[in-house]
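Notes follow once the structure below has been shown.
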Amino acid sequence: MKKIQRRAYSALLVALCLLCGMGVYVWRFATQSRAWAGFSANQAVYENGRVVTGTITDRNGLVLASAGDGKRTFSEDAAIRTACVHAVGDREGNIGTGALRLFAELLSGYSPVTGLAPEGGSVQLSIDAYLNAAALDALDGRRGAVAVMDYKTGELLCMVSSPAFDPDTGIDETDSRYEGAYLNRCISAAYTPGSVFKLLTLAAALETVPDLYERRFDCAGSIVVDGNRITCTGVHGSQTIEQALANSCNCAFATLALELGGETLQRYARSLGLSGQLQLHGAATTPGRCDAFADGSADLAWSGVGQATDLVCPLAMLRLSAAIANGGMAAQPTLLCGEKADLTRLLPADTAQQIKSMMNYNVAAVYGQANFPGLTLCAKSGTAEVGDGTSHAWFTGFLDDEAHPYAFVVLIENGGGGARNAGPVANAVLQKAVQLSDGVQAK
């Protein structure tokens, strides 16, 4: 009798083990089967580590990349191919942050029920291919980055890096014009920010300095900090904080940085996402930098105006501008059309509103509304000195327009003055974005 019982218990134990094993398998199949099918060694999906199935379209359904007979093809329009190469990727896989890499599993077309689809899957990107083409055209061969995001949804409507290249013809490695062309400067580079960093210093001051709006900031063209001269862009005299931002006064913002301290600036850089890394569908951005310099030091003063060792990735600056536009709430940037964005509060709503008002005043008082006809623009320029006698040109901001909730960033490497050189690029791209949205101009 005991022998029978032991055998029964043993059989029951074996059955339980089988059930547990089956449960683990089912669970892993349900959660990981797509990754199994999309494994880079699967020759039905990959060739030499590159996905060769699936179709990629822009937000309007325009085909940007397709596959057939194990080969990858791109748009028939050379201008579209070139403008979208960093968003889509190239045939050889040299661009590691394009959709061909980021969405390889989706492009495999795998279904737990039917398995792999012969034609692969379909991915609809959030970008507008014609807006990308307009952005690349506006850069006019200059190295840099342009990105536009819907600040309500987080959808990237434009993501352009220059130099770009036609993925059908590739790059002549001996041609210096294409140096660094595989790099997506929107997400895989960080630059000295110059005066766009003053948005961070302003945010910290608004929340830390109680009498900020009652104060006057004197500018005689420079101030001396710890035996070092901090030069300004002009002689601005006595000014309010609103006027100091519009004048992009180094004296005023260096003074604020000295009052705030290096640890406060560093903490705000982290909390606002300008230092550290962001994620775009698993691709990490190049980290920014804001060092906590010693109290009273010239480096701290320079850091508050976006110089010293400050570094910012264009996508991080875009996200901050979008959060200011959206009442302090930052939508997670996405390249997928219609994807619901996660929201993160970067700033209190009243702080965001105060900065928004000042950025609008910048346009009216300094940049000139006539340079941005028909646009309800809020913006900040930056001219970042890089130590070789040249400056990076920055322009960032957003449209205060419910029908066109667009935040933007423009960065031109060694491009000179921000408002003078990056501003016209921003205007051209935003005008095109509004036209495309309204259907005013044929694509």
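To be explicit about the labels: the chains of the structure tokens are called A, B, and onward in the order shown, and within each one the residues are counted from 1, while ligands get numbers from 1 in the order they are shown.
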
For A:Ala138: contacts at 8 Å, only C-alpha atoms, fewer than 2 positions along chain excluded, given as a PyMOL selection string: chain A and resi 134-136+140+425+428-429

Residue contacts of A:Ala419 (8 Å, only C-alpha atoms) excluding same-chain residues fewer than 6 positions away, as a ChimeraX atom specification: /A:367,381-382,393-395

Close residues, A:Ala330 itself excluded, 12 Å, only C-alpha atoms, min 4 positions apart in chain, as JSON, numbers by chain: {"A": [149, 150, 151, 152, 153, 154, 155, 271, 272, 273, 316, 317, 318, 319, 320, 321, 322, 323, 324, 325, 326, 334, 341, 342, 343, 344, 345, 346, 347, 348, 349, 352, 407]}

How would the residues just picked look written out with C-alpha atoms as a tab-separated table (two decimals), in the first residue's frame?
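So part.tsv came out as:
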chain	number	residue	atom	x	y	z
A	149	MET	CA	7.85	67.87	-31.51
A	150	ASP	CA	4.15	68.01	-30.75
A	151	TYR	CA	4.38	69.12	-27.13
A	152	LYS	CA	1.00	67.61	-26.28
A	153	THR	CA	1.69	64.09	-27.59
A	154	GLY	CA	5.50	63.85	-27.66
A	155	GLU	CA	5.46	62.87	-31.35
A	271	SER	CA	15.67	67.55	-12.82
A	272	LEU	CA	15.02	69.35	-16.12
A	273	GLY	CA	16.73	66.59	-18.10
A	316	ALA	CA	17.01	67.33	-24.20
A	317	MET	CA	16.68	71.04	-25.00
A	318	LEU	CA	13.67	70.27	-27.19
A	319	ARG	CA	12.02	68.36	-24.35
A	320	LEU	CA	12.54	71.27	-21.94
A	321	SER	CA	11.05	73.78	-24.42
A	322	ALA	CA	8.10	71.44	-24.93
A	323	ALA	CA	7.55	71.19	-21.17
A	324	ILE	CA	7.53	74.98	-20.81
A	325	ALA	CA	4.90	75.14	-23.55
A	326	ASN	CA	2.84	72.39	-21.94
A	334	THR	CA	8.43	59.26	-29.55
A	341	ALA	CA	3.15	59.56	-24.39
A	342	ASP	CA	4.11	59.31	-20.75
A	343	LEU	CA	4.04	62.69	-19.03
A	344	THR	CA	6.57	63.90	-16.47
A	345	ARG	CA	6.32	67.17	-14.56
A	346	LEU	CA	9.53	69.14	-15.01
A	347	LEU	CA	8.31	72.51	-13.74
A	348	PRO	CA	5.45	73.88	-11.66
A	349	ALA	CA	2.72	75.29	-13.90
A	352	ALA	CA	6.38	77.39	-16.85
A	407	ALA	CA	8.15	72.83	-29.92

Option closest in space to A:Ala147, from A:Leu335, A:Leu265, A:Ala204, A:Leu102 [counting only C-alpha atoms]: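 Ranked by minimum distance to A:Ala147, first place goes to A:Leu335.
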
DSSP strand (DSSP E or B) residues within stretch 124-362 of chain A, as a VMD selection string: chain A and resid 124 to 125 144 to 150 155 to 162 191 217 to 219 222 to 225 228 to 231 237 to 239 276 279 to 280 283 to 284 288 to 289 311 to 312 329 to 331 334 336 343 to 345

Could the residues in this selection be written to a file with C-alpha atoms, as a CSV table (one decimal), in the first residue's frame?
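Result file follows (selection.csv):
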chain,number,residue,atom,x,y,z
A,124,GLN,CA,4.3,54.3,-39.0
A,125,LEU,CA,6.7,57.0,-37.9
A,144,GLY,CA,23.7,70.6,-37.3
A,145,ALA,CA,20.3,69.4,-36.1
A,146,VAL,CA,16.6,70.3,-36.4
A,147,ALA,CA,13.8,68.7,-34.5
A,148,VAL,CA,10.1,69.5,-34.0
A,149,MET,CA,7.9,67.9,-31.5
A,150,ASP,CA,4.1,68.0,-30.8
A,155,GLU,CA,5.5,62.9,-31.3
A,156,LEU,CA,8.6,63.9,-33.2
A,157,LEU,CA,7.3,65.5,-36.4
A,158,CYS,CA,10.8,66.4,-37.7
A,159,MET,CA,14.2,64.9,-36.9
A,160,VAL,CA,17.0,66.0,-39.2
A,161,SER,CA,20.7,65.8,-38.9
A,162,SER,CA,23.3,67.3,-41.3
A,191,TYR,CA,27.1,70.8,-27.4
A,217,PHE,CA,20.2,94.1,-12.9
A,218,ASP,CA,23.0,96.5,-13.9
A,219,CYS,CA,25.1,95.7,-16.9
A,222,SER,CA,31.2,93.0,-18.0
A,223,ILE,CA,31.7,92.0,-14.4
A,224,VAL,CA,34.7,90.8,-12.6
A,225,VAL,CA,34.4,87.5,-10.7
A,228,ASN,CA,38.2,87.0,-14.1
A,229,ARG,CA,36.2,89.2,-16.4
A,230,ILE,CA,32.8,87.9,-17.5
A,231,THR,CA,32.0,89.7,-20.7
A,237,GLY,CA,22.3,99.3,-18.2
A,238,SER,CA,19.6,98.8,-15.6
A,239,GLN,CA,17.1,96.0,-16.5
A,276,GLY,CA,22.2,62.7,-17.8
A,279,GLN,CA,15.8,57.4,-23.9
A,280,LEU,CA,14.2,57.2,-27.4
A,283,ALA,CA,18.4,54.5,-27.8
A,284,ALA,CA,20.1,56.6,-25.2
A,288,GLY,CA,24.6,66.5,-21.0
A,289,ARG,CA,26.8,68.1,-18.4
A,311,LEU,CA,26.9,70.5,-22.5
A,312,VAL,CA,23.3,69.8,-23.8
A,329,MET,CA,4.6,68.7,-18.2
A,330,ALA,CA,7.1,66.9,-20.5
A,331,ALA,CA,5.8,64.4,-22.9
A,334,THR,CA,8.4,59.3,-29.5
A,336,LEU,CA,5.9,56.2,-33.4
A,343,LEU,CA,4.0,62.7,-19.0
A,344,THR,CA,6.6,63.9,-16.5
A,345,ARG,CA,6.3,67.2,-14.6

From A:Glu76, A:Asp58, A:Asp90, A:Asp166, residue lying nearest A:Leu131 [only C-alpha atoms]: A:Asp58

Between atom CA of A:Asp310 and atom CA of A:Thr192, distance in Å (one decimal):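 Calculated distance between atom CA of A:Asp310 and atom CA of A:Thr192 is 5.7 Å.
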
Contact residues around A:Asp291 with only C-alpha atoms at 10 Å, ignoring same-chain residues under 4 positions, as JSON, numbers by chain: {"A": [262, 263, 265, 266, 267, 269, 275, 299, 300, 303, 308, 309, 310, 311]}

Backbone DSSP call of helix (DSSP H, G or I) for stretch 262-307 of chain A, listed as a list in words: Gly262, Glu263, Thr264, Leu265, Gln266, Arg267, Tyr268, Ala269, Arg270, Ser271, Ala298, Asp299, Leu300, Ala301, Trp302 and Ser303 of chain A

From A:Leu64, A:Ala403, A:Gln243, A:Phe103, residue lying nearest A:Gln435 [only C-alpha atoms]: A:Ala403

Contacts of A:Cys378 within 7 Å, only C-alpha atoms, excl. fewer than 6 positions in-chain, as a list in words: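 Once the nearby chain positions are removed, what remains is Lys356, Met359, Asn360, Val363, Gly397, Phe398, Leu399 and Asp400 of chain A.
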
Residue selection dump (C-alpha atoms) as a PDB file, in the first residue's frame:
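Ended up saving to selection_1.pdb:
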ATOM      1  CA  LYS A 356       6.645  81.224 -21.497  1.00  0.00           C
ATOM      2  CA  MET A 359      10.144  83.820 -24.153  1.00  0.00           C
ATOM      3  CA  ASN A 360       7.292  85.503 -26.005  1.00  0.00           C
ATOM      4  CA  VAL A 363      10.444  87.648 -29.841  1.00  0.00           C
ATOM      5  CA  GLY A 397      11.111  77.443 -28.292  1.00  0.00           C
ATOM      6  CA  PHE A 398       7.545  76.698 -29.329  1.00  0.00           C
ATOM      7  CA  LEU A 399       4.344  78.021 -30.865  1.00  0.00           C
ATOM      8  CA  ASP A 400       1.764  79.170 -28.315  1.00  0.00           C
TER       9      ASP A 400
END

Using only C-alpha atoms: which of A:Val88, A:Ala433, A:Val123, A:Val305 has the shortest distance to A:Glu105: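 Result for the nearest residue to A:Glu105: A:Val123.
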
Within 12 Å of A:Thr233 using only C-alpha atoms, minus same-chain residues under 3 positions, as a list in words: Gly194, Ser195, Cys219, Ala220, Gly221, Ser222, Ile230, His236, Ala244, Leu245, Ala246, Asn247, Ser248, Cys249, Asn250, Cys251, Ala252, Val305, Gly382, Thr383, Ala384, Glu385 and Gly417 of chain A

With N, CA and C atoms kept, could you save the residues just selected as a compact mmCIF listing (two decimals), in the first residue's frame?
# COMPACT_ATOMS: atom_id res chain seq x y z
N GLY A 194 25.46 77.67 -24.65
CA GLY A 194 25.34 79.12 -24.68
C GLY A 194 24.07 79.58 -23.99
N SER A 195 23.48 80.63 -24.51
CA SER A 195 22.41 81.32 -23.78
C SER A 195 21.08 80.57 -23.71
N CYS A 219 24.13 96.31 -15.96
CA CYS A 219 25.10 95.75 -16.90
C CYS A 219 25.90 96.87 -17.53
N ALA A 220 27.21 96.88 -17.25
CA ALA A 220 28.13 97.85 -17.86
C ALA A 220 28.98 97.21 -18.95
N GLY A 221 28.57 96.01 -19.38
CA GLY A 221 29.31 95.31 -20.43
C GLY A 221 30.16 94.17 -19.93
N SER A 222 30.41 94.13 -18.61
CA SER A 222 31.17 93.02 -18.02
C SER A 222 31.14 93.13 -16.51
N ILE A 230 33.91 88.54 -16.77
CA ILE A 230 32.79 87.92 -17.48
C ILE A 230 32.22 88.96 -18.43
N HIS A 236 23.84 96.90 -21.22
CA HIS A 236 22.38 96.90 -21.13
C HIS A 236 21.85 97.82 -20.05
N ALA A 244 16.44 91.28 -19.01
CA ALA A 244 17.75 90.61 -18.98
C ALA A 244 17.73 89.34 -19.84
N LEU A 245 16.62 88.59 -19.81
CA LEU A 245 16.52 87.40 -20.66
C LEU A 245 16.45 87.79 -22.12
N ALA A 246 15.65 88.83 -22.43
CA ALA A 246 15.54 89.27 -23.81
C ALA A 246 16.88 89.78 -24.34
N ASN A 247 17.62 90.50 -23.48
CA ASN A 247 18.95 90.98 -23.87
C ASN A 247 20.01 89.89 -23.83
N SER A 248 19.63 88.73 -23.28
CA SER A 248 20.57 87.63 -23.06
C SER A 248 21.80 88.13 -22.32
N CYS A 249 21.55 88.85 -21.23
CA CYS A 249 22.61 89.54 -20.50
C CYS A 249 23.44 88.57 -19.66
N ASN A 250 24.70 88.44 -20.02
CA ASN A 250 25.59 87.56 -19.26
C ASN A 250 25.83 88.08 -17.85
N CYS A 251 25.89 89.40 -17.69
CA CYS A 251 26.13 89.96 -16.36
C CYS A 251 25.01 89.58 -15.41
N ALA A 252 23.77 89.69 -15.86
CA ALA A 252 22.62 89.38 -15.00
C ALA A 252 22.60 87.90 -14.65
N VAL A 305 25.56 81.01 -17.64
CA VAL A 305 25.20 81.57 -18.94
C VAL A 305 25.41 80.55 -20.07
N GLY A 382 20.71 81.18 -28.64
CA GLY A 382 21.97 80.91 -27.96
C GLY A 382 23.13 81.02 -28.93
N THR A 383 24.19 81.69 -28.51
CA THR A 383 25.42 81.77 -29.30
C THR A 383 26.54 81.25 -28.40
N ALA A 384 26.91 79.99 -28.61
CA ALA A 384 27.78 79.27 -27.68
C ALA A 384 29.22 79.30 -28.18
N GLU A 385 30.07 80.00 -27.46
CA GLU A 385 31.48 80.06 -27.83
C GLU A 385 32.15 78.71 -27.55
N GLY A 417 25.89 83.59 -34.73
CA GLY A 417 24.83 84.08 -33.85
C GLY A 417 23.58 83.24 -33.92

Nearest to A:Gly61, chosen from A:Ala379, A:Ala129, A:Ala104, A:Ile95, with only C-alpha atoms counted in the distances: A:Ala129

Of the listed residues A:Gln307, A:Thr240, A:Gln353, A:Thr169, that which approaches A:Lys198 most closely, counting only C-alpha atoms: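 Going through A:Gln307, A:Thr240, A:Gln353, A:Thr169 one by one, the smallest distance to A:Lys198 is for A:Gln307.
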